[in-house]
Amino acid sequence: MSVPGTPPARPGAGPDTAPVWVRNPALVFGLAAAVFLAGLGLVAGRPELAVVALPALVTAGFGARGRGSGHGGGAPVRTTTELAPSDSGRGVGYRTEVTAPHSAEAVAVEFRIAGDRRHVVVVDPRTAARLSGTVPVAHSGPQEVLRTHVSLLGPGGTALSVPAAGPVASAVVPPPHLPMQHLPMPHRVTGITGAHDSARPGDGGEFRDVAAFTPGDRLRRIDWRRTARRAERPGDLYVRRSFATADALVVLVVDGRDDLGPDVTRWGGARHGAHETTSLDLAREAALSLATAYVGAGDRVGFRALGGAARSVEPGGGTRHLERLRSTIASVTPTGDADGPVRMPLVPAASLVVVLSTFLDDQPGTMATTWAATGHRVVAVDVLPTPDLRRATRHERLAFRLLALEREDRLAEMTATGVERISWQRDDGTSPAVQLRLLSRPRRAG
């Protein structure tokens, strides 16, 4: 069932395959039982046993005669699957159409969905042409969502076709986003116009001072009360001046080099669980949540990736730019080389730099410290899931303890150099919105 409001993905069609027919195993077993009963009746002189075996023998004869062209023979089977990712990113709708020969009595479709789970449905050919449903998806980003295998049942159930592989449907699942109301701002805003007060005089912001009227001042800004009190000679006028408004410049830096789940025993490269929220899931969710909130406030947002398969997006604003950010953030996938060197991305001056990483090595922390030293306001977002040590051995627990101590020292050093820090998934359940509110105290640029 397609999700309303989301354009469907391009249908994936499998190759047309001619069914390969084999006898129904139940019919084979029935034939063997009938032959056994007939032989037993002949040896024991019990004709009633042969009478019992006669229907099974007749059915097997019709099945053998009808096998082949009578069951559709070379008529091809065509399977197409269309996906439609949901807006929330929590599931993917699908619509599968199976075109089967008219002679087939039933169609068995095996769905292999995300997480290697299998579901088999057996329907008539007319129903098989409009199968639909929703696949629950635990992860965001590019992934295989659904694959199908199709088998046919011949007339009378005398023959089956060998399961044929259908199309493999993949999709880029967008991450969900959390609503954010209070957001930290850069040390100073430099845009031409926006929703935040800047340091330069202009229109639209908070009150700045009262000054004598000069050519170019608007008449509507004349403060008549101040003029009446302070005018020393006829013709003296005083105007109220305010600060200009500007937009903020935000750069999101996502560390896409690795993807870690809660189970620490799988951090060595083993595949994480299908239903475990990973560090890259949290990073995508955090990046999209922040991008949506800042763009919605009229600010300019850019995107940079530390490794990972994603391109950079230059700062911009507006609905189209947000869609570009959404697709780019959703396409971040791990490179598998978390220890390799990474080039430090360039960020514009006077930016708020948000670094989203697990901070398990020095590279993202060193970059964050460097940006803070050059005058940027830097917020480090820790996206490491809450570690699960239930399956860990004694040696694995010791290794994790050492890794955690190094990580805490690294985060403490970042904080000491001016980098502000929040955790997207905290043990005490404090939401990211509450943590960001504590960082959003008003700042007036100098």
# chains A, B, ... in the order shown; residues from 1 in each chain; ligands from 1
call {"tool": "residues_around", "arguments": {"residues": "Gly141 of chain A", "least_positions_apart": "3", "cutoff": "8 Å", "atoms": "only C-alpha atoms", "output": "number ranges by chain"}}
result
A: 171-175, 281, 330-333
call {"tool": "write_last_selection", "arguments": {"atoms": "C-alpha atoms", "output": "PDB file, in the first residue's frame"}}
result
ATOM      1  CA  ALA A 171      15.265   2.240  -1.502  1.00  0.00           C
ATOM      2  CA  VAL A 172      16.889   5.155   0.290  1.00  0.00           C
ATOM      3  CA  VAL A 173      14.806   5.418   3.448  1.00  0.00           C
ATOM      4  CA  PRO A 174      14.743   8.976   4.837  1.00  0.00           C
ATOM      5  CA  PRO A 175      15.457   9.335   8.548  1.00  0.00           C
ATOM      6  CA  ASP A 281      20.837   6.067  12.201  1.00  0.00           C
ATOM      7  CA  ALA A 330      19.696   9.909   3.835  1.00  0.00           C
ATOM      8  CA  SER A 331      22.387   8.705   1.403  1.00  0.00           C
ATOM      9  CA  VAL A 332      25.201   8.718   4.001  1.00  0.00           C
ATOM     10  CA  THR A 333      26.622   5.187   4.223  1.00  0.00           C
TER      11      THR A 333
END
call {"tool": "residues_around", "arguments": {"residues": "segment 380-387 of chain A", "least_positions_apart": "3", "cutoff": "7 Å", "atoms": "only C-alpha atoms", "output": "PDB file with N, CA and C atoms, in the first residue's frame"}}
result
ATOM      1  N   GLY A 261      26.305  -0.406  16.386  1.00  0.00           N
ATOM      2  CA  GLY A 261      25.081  -0.661  17.125  1.00  0.00           C
ATOM      3  C   GLY A 261      25.337  -0.708  18.618  1.00  0.00           C
ATOM      4  N   PRO A 262      24.313  -0.957  19.411  1.00  0.00           N
ATOM      5  CA  PRO A 262      24.506  -1.002  20.861  1.00  0.00           C
ATOM      6  C   PRO A 262      25.363  -2.180  21.329  1.00  0.00           C
ATOM      7  N   ASP A 263      25.285  -3.310  20.639  1.00  0.00           N
ATOM      8  CA  ASP A 263      26.008  -4.511  21.058  1.00  0.00           C
ATOM      9  C   ASP A 263      27.503  -4.335  20.795  1.00  0.00           C
ATOM     10  N   VAL A 264      28.290  -4.218  21.865  1.00  0.00           N
ATOM     11  CA  VAL A 264      29.719  -3.961  21.710  1.00  0.00           C
ATOM     12  C   VAL A 264      30.458  -5.161  21.134  1.00  0.00           C
ATOM     13  N   THR A 278      21.481   2.185  15.128  1.00  0.00           N
ATOM     14  CA  THR A 278      22.931   2.329  15.057  1.00  0.00           C
ATOM     15  C   THR A 278      23.342   3.789  15.158  1.00  0.00           C
ATOM     16  N   SER A 279      24.642   3.991  15.252  1.00  0.00           N
ATOM     17  CA  SER A 279      25.162   5.359  15.367  1.00  0.00           C
ATOM     18  C   SER A 279      24.855   6.178  14.119  1.00  0.00           C
ATOM     19  N   LEU A 282      21.275   7.374  14.205  1.00  0.00           N
ATOM     20  CA  LEU A 282      21.133   8.540  15.074  1.00  0.00           C
ATOM     21  C   LEU A 282      21.720   9.790  14.414  1.00  0.00           C
ATOM     22  N   ALA A 283      22.844   9.632  13.710  1.00  0.00           N
ATOM     23  CA  ALA A 283      23.466  10.783  13.050  1.00  0.00           C
ATOM     24  C   ALA A 283      22.558  11.328  11.949  1.00  0.00           C
ATOM     25  N   VAL A 354      28.257  22.027  13.584  1.00  0.00           N
ATOM     26  CA  VAL A 354      27.704  20.930  14.367  1.00  0.00           C
ATOM     27  C   VAL A 354      28.359  19.644  13.884  1.00  0.00           C
ATOM     28  N   VAL A 355      29.149  19.009  14.756  1.00  0.00           N
ATOM     29  CA  VAL A 355      29.871  17.789  14.411  1.00  0.00           C
ATOM     30  C   VAL A 355      29.127  16.607  15.012  1.00  0.00           C
ATOM     31  N   LEU A 356      28.684  15.679  14.166  1.00  0.00           N
ATOM     32  CA  LEU A 356      27.938  14.504  14.615  1.00  0.00           C
ATOM     33  C   LEU A 356      28.812  13.279  14.425  1.00  0.00           C
ATOM     34  N   SER A 357      29.222  12.652  15.546  1.00  0.00           N
ATOM     35  CA  SER A 357      30.177  11.556  15.480  1.00  0.00           C
ATOM     36  C   SER A 357      30.079  10.711  16.747  1.00  0.00           C
ATOM     37  N   THR A 358      30.693   9.533  16.697  1.00  0.00           N
ATOM     38  CA  THR A 358      30.833   8.699  17.895  1.00  0.00           C
ATOM     39  C   THR A 358      32.051   9.092  18.713  1.00  0.00           C
ATOM     40  N   VAL A 419      34.390  23.638  22.927  1.00  0.00           N
ATOM     41  CA  VAL A 419      33.399  22.884  22.157  1.00  0.00           C
ATOM     42  C   VAL A 419      32.260  22.488  23.085  1.00  0.00           C
ATOM     43  N   GLU A 420      31.036  22.800  22.701  1.00  0.00           N
ATOM     44  CA  GLU A 420      29.864  22.427  23.491  1.00  0.00           C
ATOM     45  C   GLU A 420      29.383  21.048  23.056  1.00  0.00           C
ATOM     46  N   ARG A 421      28.785  20.324  23.984  1.00  0.00           N
ATOM     47  CA  ARG A 421      28.507  18.915  23.722  1.00  0.00           C
ATOM     48  C   ARG A 421      27.104  18.539  24.171  1.00  0.00           C
ATOM     49  N   ILE A 422      26.435  17.727  23.332  1.00  0.00           N
ATOM     50  CA  ILE A 422      25.174  17.087  23.716  1.00  0.00           C
ATOM     51  C   ILE A 422      25.230  15.630  23.261  1.00  0.00           C
ATOM     52  N   SER A 423      24.370  14.810  23.844  1.00  0.00           N
ATOM     53  CA  SER A 423      24.250  13.401  23.447  1.00  0.00           C
ATOM     54  C   SER A 423      22.860  13.186  22.865  1.00  0.00           C
ATOM     55  N   TRP A 424      22.799  12.627  21.668  1.00  0.00           N
ATOM     56  CA  TRP A 424      21.506  12.427  21.030  1.00  0.00           C
ATOM     57  C   TRP A 424      20.715  11.308  21.697  1.00  0.00           C
ATOM     58  N   GLN A 425      21.384  10.391  22.358  1.00  0.00           N
ATOM     59  CA  GLN A 425      20.711   9.305  23.072  1.00  0.00           C
ATOM     60  C   GLN A 425      21.352   9.185  24.452  1.00  0.00           C
ATOM     61  N   ASP A 427      21.421   8.170  28.642  1.00  0.00           N
ATOM     62  CA  ASP A 427      20.954   7.109  29.529  1.00  0.00           C
ATOM     63  C   ASP A 427      19.782   7.557  30.385  1.00  0.00           C
TER      64      ASP A 427
END
call {"tool": "closest_residue", "arguments": {"among": "A:Ile222, A:Val254, A:Val77, A:Leu40", "to": "Gly166 of chain A", "atoms": "only C-alpha atoms"}}
result
A:Val77
call {"tool": "residues_around", "arguments": {"residues": "Ala373 of chain A", "least_positions_apart": "5", "cutoff": "10 Å", "atoms": "only C-alpha atoms", "output": "number ranges by chain"}}
result
A: 367-368, 378, 417-419
call {"tool": "closest_residue", "arguments": {"among": "A:Ala349, A:Val122, A:Ala32, A:Leu405", "to": "Arg188 of chain A", "atoms": "only C-alpha atoms"}}
result
A:Ala349
call {"tool": "closest_residue", "arguments": {"among": "A:Glu97, A:Ala164, A:Gly133, A:Thr374", "to": "Trp21 of chain A", "atoms": "only C-alpha atoms"}}
result
A:Ala164
call {"tool": "atom_distance", "arguments": {"atom1": "atom CA of Asp361 of chain A", "atom2": "atom CA of Leu252 of chain A"}}
result
19.0 Å
call {"tool": "residues_around", "arguments": {"residues": "Thr328 of chain A", "least_positions_apart": "6", "cutoff": "10 Å", "atoms": "only C-alpha atoms", "output": "list in words"}}
result
Gly141, Pro174, Arg284, Leu288, Phe303, Arg304, Ala305, Ala309, Ala310, Arg311, Ser312, Val313 and Leu322 of chain A
call {"tool": "closest_atom_pairs", "arguments": {"of": "segment 89-172 of chain A", "to": "segment 16-19 of chain A", "cutoff": "10 Å", "atoms": "only C-alpha atoms", "output": "CSV"}}
result
residue,atom,partner,partner_atom,distance
A:Thr99,CA,A:Asp16,CA,9.5
A:Ala100,CA,A:Pro19,CA,9.4
A:Pro101,CA,A:Pro19,CA,9.4
A:Val150,CA,A:Pro19,CA,9.5
A:Ser151,CA,A:Pro19,CA,8.0
A:Leu152,CA,A:Pro19,CA,7.8
A:Leu160,CA,A:Pro19,CA,8.9
A:Ser161,CA,A:Pro19,CA,5.6
A:Val162,CA,A:Pro19,CA,6.8
A:Pro163,CA,A:Pro19,CA,8.3
A:Ala164,CA,A:Thr17,CA,7.4
A:Ala165,CA,A:Thr17,CA,9.0
A:Gly166,CA,A:Asp16,CA,9.1
call {"tool": "atom_distance", "arguments": {"atom1": "atom CA of His177 of chain A", "atom2": "atom CA of Glu82 of chain A"}}
result
24.8 Å
call {"tool": "select_by_dssp", "arguments": {"residues": "segment 203-420 of chain A", "states": "helix (DSSP H, G or I)", "output": "PDB file with C-alpha atoms, in the first residue's frame"}}
result
ATOM      1  CA  LEU A 219      10.134  59.728   8.797  1.00  0.00           C
ATOM      2  CA  ARG A 220       8.174  56.961  10.492  1.00  0.00           C
ATOM      3  CA  ARG A 221      11.145  56.351  12.798  1.00  0.00           C
ATOM      4  CA  TRP A 224       8.358  62.749  18.739  1.00  0.00           C
ATOM      5  CA  ARG A 225       8.546  62.478  22.522  1.00  0.00           C
ATOM      6  CA  ARG A 226      12.344  62.475  22.512  1.00  0.00           C
ATOM      7  CA  THR A 227      12.313  65.291  19.998  1.00  0.00           C
ATOM      8  CA  ALA A 228      10.056  67.388  22.239  1.00  0.00           C
ATOM      9  CA  ARG A 229      12.339  66.857  25.233  1.00  0.00           C
ATOM     10  CA  ARG A 230      15.754  67.091  23.605  1.00  0.00           C
ATOM     11  CA  VAL A 264      29.719  -3.961  21.710  1.00  0.00           C
ATOM     12  CA  THR A 265      30.545  -7.520  20.652  1.00  0.00           C
ATOM     13  CA  ARG A 266      29.715  -6.500  17.052  1.00  0.00           C
ATOM     14  CA  SER A 279      25.162   5.359  15.367  1.00  0.00           C
ATOM     15  CA  LEU A 280      24.610   6.314  11.731  1.00  0.00           C
ATOM     16  CA  ASP A 281      20.837   6.067  12.201  1.00  0.00           C
ATOM     17  CA  LEU A 282      21.133   8.540  15.074  1.00  0.00           C
ATOM     18  CA  ALA A 283      23.466  10.783  13.050  1.00  0.00           C
ATOM     19  CA  ARG A 284      21.053  10.917  10.112  1.00  0.00           C
ATOM     20  CA  GLU A 285      18.128  11.622  12.428  1.00  0.00           C
ATOM     21  CA  ALA A 286      20.015  14.362  14.261  1.00  0.00           C
ATOM     22  CA  ALA A 287      21.278  15.985  11.065  1.00  0.00           C
ATOM     23  CA  LEU A 288      17.839  16.047   9.445  1.00  0.00           C
ATOM     24  CA  SER A 289      16.189  17.302  12.654  1.00  0.00           C
ATOM     25  CA  LEU A 290      18.637  20.198  12.919  1.00  0.00           C
ATOM     26  CA  ALA A 291      18.482  20.985   9.202  1.00  0.00           C
ATOM     27  CA  THR A 292      14.675  21.071   9.254  1.00  0.00           C
ATOM     28  CA  ALA A 293      14.583  23.327  12.322  1.00  0.00           C
ATOM     29  CA  TYR A 294      17.210  25.800  11.089  1.00  0.00           C
ATOM     30  CA  VAL A 295      15.813  26.050   7.557  1.00  0.00           C
ATOM     31  CA  GLY A 296      12.345  26.486   9.027  1.00  0.00           C
ATOM     32  CA  THR A 319      12.111  24.278   0.753  1.00  0.00           C
ATOM     33  CA  ARG A 320      14.049  23.007  -2.267  1.00  0.00           C
ATOM     34  CA  HIS A 321      17.324  23.273  -0.385  1.00  0.00           C
ATOM     35  CA  LEU A 322      15.829  21.310   2.525  1.00  0.00           C
ATOM     36  CA  GLU A 323      14.818  18.524   0.130  1.00  0.00           C
ATOM     37  CA  ARG A 324      18.377  18.479  -1.200  1.00  0.00           C
ATOM     38  CA  LEU A 325      19.685  18.198   2.348  1.00  0.00           C
ATOM     39  CA  ARG A 326      17.191  15.443   3.135  1.00  0.00           C
ATOM     40  CA  SER A 327      18.259  13.272   0.200  1.00  0.00           C
ATOM     41  CA  THR A 328      21.959  13.872   0.879  1.00  0.00           C
ATOM     42  CA  ILE A 329      21.697  13.056   4.583  1.00  0.00           C
ATOM     43  CA  ALA A 330      19.696   9.909   3.835  1.00  0.00           C
ATOM     44  CA  ASP A 362      40.916  11.605  17.466  1.00  0.00           C
ATOM     45  CA  GLN A 363      40.048  12.920  13.989  1.00  0.00           C
ATOM     46  CA  PRO A 364      36.566  14.442  14.571  1.00  0.00           C
ATOM     47  CA  GLY A 365      37.630  15.817  17.958  1.00  0.00           C
ATOM     48  CA  THR A 366      40.738  17.440  16.497  1.00  0.00           C
ATOM     49  CA  MET A 367      38.668  19.079  13.749  1.00  0.00           C
ATOM     50  CA  ALA A 368      36.110  20.361  16.254  1.00  0.00           C
ATOM     51  CA  THR A 369      38.861  21.846  18.424  1.00  0.00           C
ATOM     52  CA  THR A 370      40.468  23.506  15.398  1.00  0.00           C
ATOM     53  CA  TRP A 371      37.196  25.085  14.286  1.00  0.00           C
ATOM     54  CA  ALA A 372      36.586  26.382  17.821  1.00  0.00           C
ATOM     55  CA  ALA A 373      40.092  27.874  17.926  1.00  0.00           C
ATOM     56  CA  ARG A 394      35.484 -10.559  30.270  1.00  0.00           C
ATOM     57  CA  HIS A 395      38.132  -9.518  27.737  1.00  0.00           C
ATOM     58  CA  GLU A 396      35.580  -7.614  25.644  1.00  0.00           C
ATOM     59  CA  ARG A 397      34.374  -5.762  28.733  1.00  0.00           C
ATOM     60  CA  LEU A 398      37.954  -4.782  29.554  1.00  0.00           C
ATOM     61  CA  ALA A 399      38.590  -3.596  25.991  1.00  0.00           C
ATOM     62  CA  PHE A 400      35.389  -1.550  26.027  1.00  0.00           C
ATOM     63  CA  ARG A 401      36.346   0.004  29.360  1.00  0.00           C
ATOM     64  CA  LEU A 402      39.672   1.195  27.962  1.00  0.00           C
ATOM     65  CA  LEU A 403      37.987   2.525  24.827  1.00  0.00           C
ATOM     66  CA  ALA A 404      35.367   4.346  26.908  1.00  0.00           C
ATOM     67  CA  LEU A 405      38.032   5.983  29.091  1.00  0.00           C
ATOM     68  CA  GLU A 406      39.905   7.248  26.034  1.00  0.00           C
ATOM     69  CA  ARG A 407      36.669   8.568  24.600  1.00  0.00           C
ATOM     70  CA  GLU A 408      35.717  10.414  27.800  1.00  0.00           C
ATOM     71  CA  ASP A 409      39.172  12.024  27.946  1.00  0.00           C
ATOM     72  CA  ARG A 410      38.765  13.109  24.330  1.00  0.00           C
ATOM     73  CA  LEU A 411      35.341  14.643  24.996  1.00  0.00           C
ATOM     74  CA  ALA A 412      36.590  16.381  28.153  1.00  0.00           C
ATOM     75  CA  GLU A 413      39.489  17.899  26.198  1.00  0.00           C
ATOM     76  CA  MET A 414      37.080  19.164  23.533  1.00  0.00           C
ATOM     77  CA  THR A 415      34.876  20.763  26.190  1.00  0.00           C
ATOM     78  CA  ALA A 416      37.883  22.459  27.774  1.00  0.00           C
TER      79      ALA A 416
END
call {"tool": "residues_around", "arguments": {"residues": "Pro348 of chain A", "least_positions_apart": "5", "cutoff": "10 Å", "atoms": "only C-alpha atoms", "output": "PyMOL selection string"}}
result
chain A and resi 249-251+302+314-315+353+376
call {"tool": "write_last_selection", "arguments": {"atoms": "C-alpha atoms", "output": "PDB file, in the first residue's frame"}}
result
ATOM      1  CA  LEU A 249      24.968  30.113   8.945  1.00  0.00           C
ATOM      2  CA  VAL A 250      25.022  26.479  10.101  1.00  0.00           C
ATOM      3  CA  VAL A 251      27.239  23.674   8.792  1.00  0.00           C
ATOM      4  CA  GLY A 302      25.201  23.403   4.671  1.00  0.00           C
ATOM      5  CA  GLU A 314      26.746  24.337   0.168  1.00  0.00           C
ATOM      6  CA  PRO A 315      24.796  26.505   2.639  1.00  0.00           C
ATOM      7  CA  VAL A 353      29.596  24.001  13.140  1.00  0.00           C
ATOM      8  CA  HIS A 376      33.522  29.241  15.122  1.00  0.00           C
TER       9      HIS A 376
END
call {"tool": "closest_residue", "arguments": {"among": "A:Leu183, A:Leu306, A:Met344, A:Leu360", "to": "Val434 of chain A", "atoms": "only C-alpha atoms"}}
result
A:Leu183
call {"tool": "closest_residue", "arguments": {"among": "A:Asp236, A:Asp259, A:Asp223, A:Glu48", "to": "Thr277 of chain A", "atoms": "only C-alpha atoms"}}
result
A:Asp259
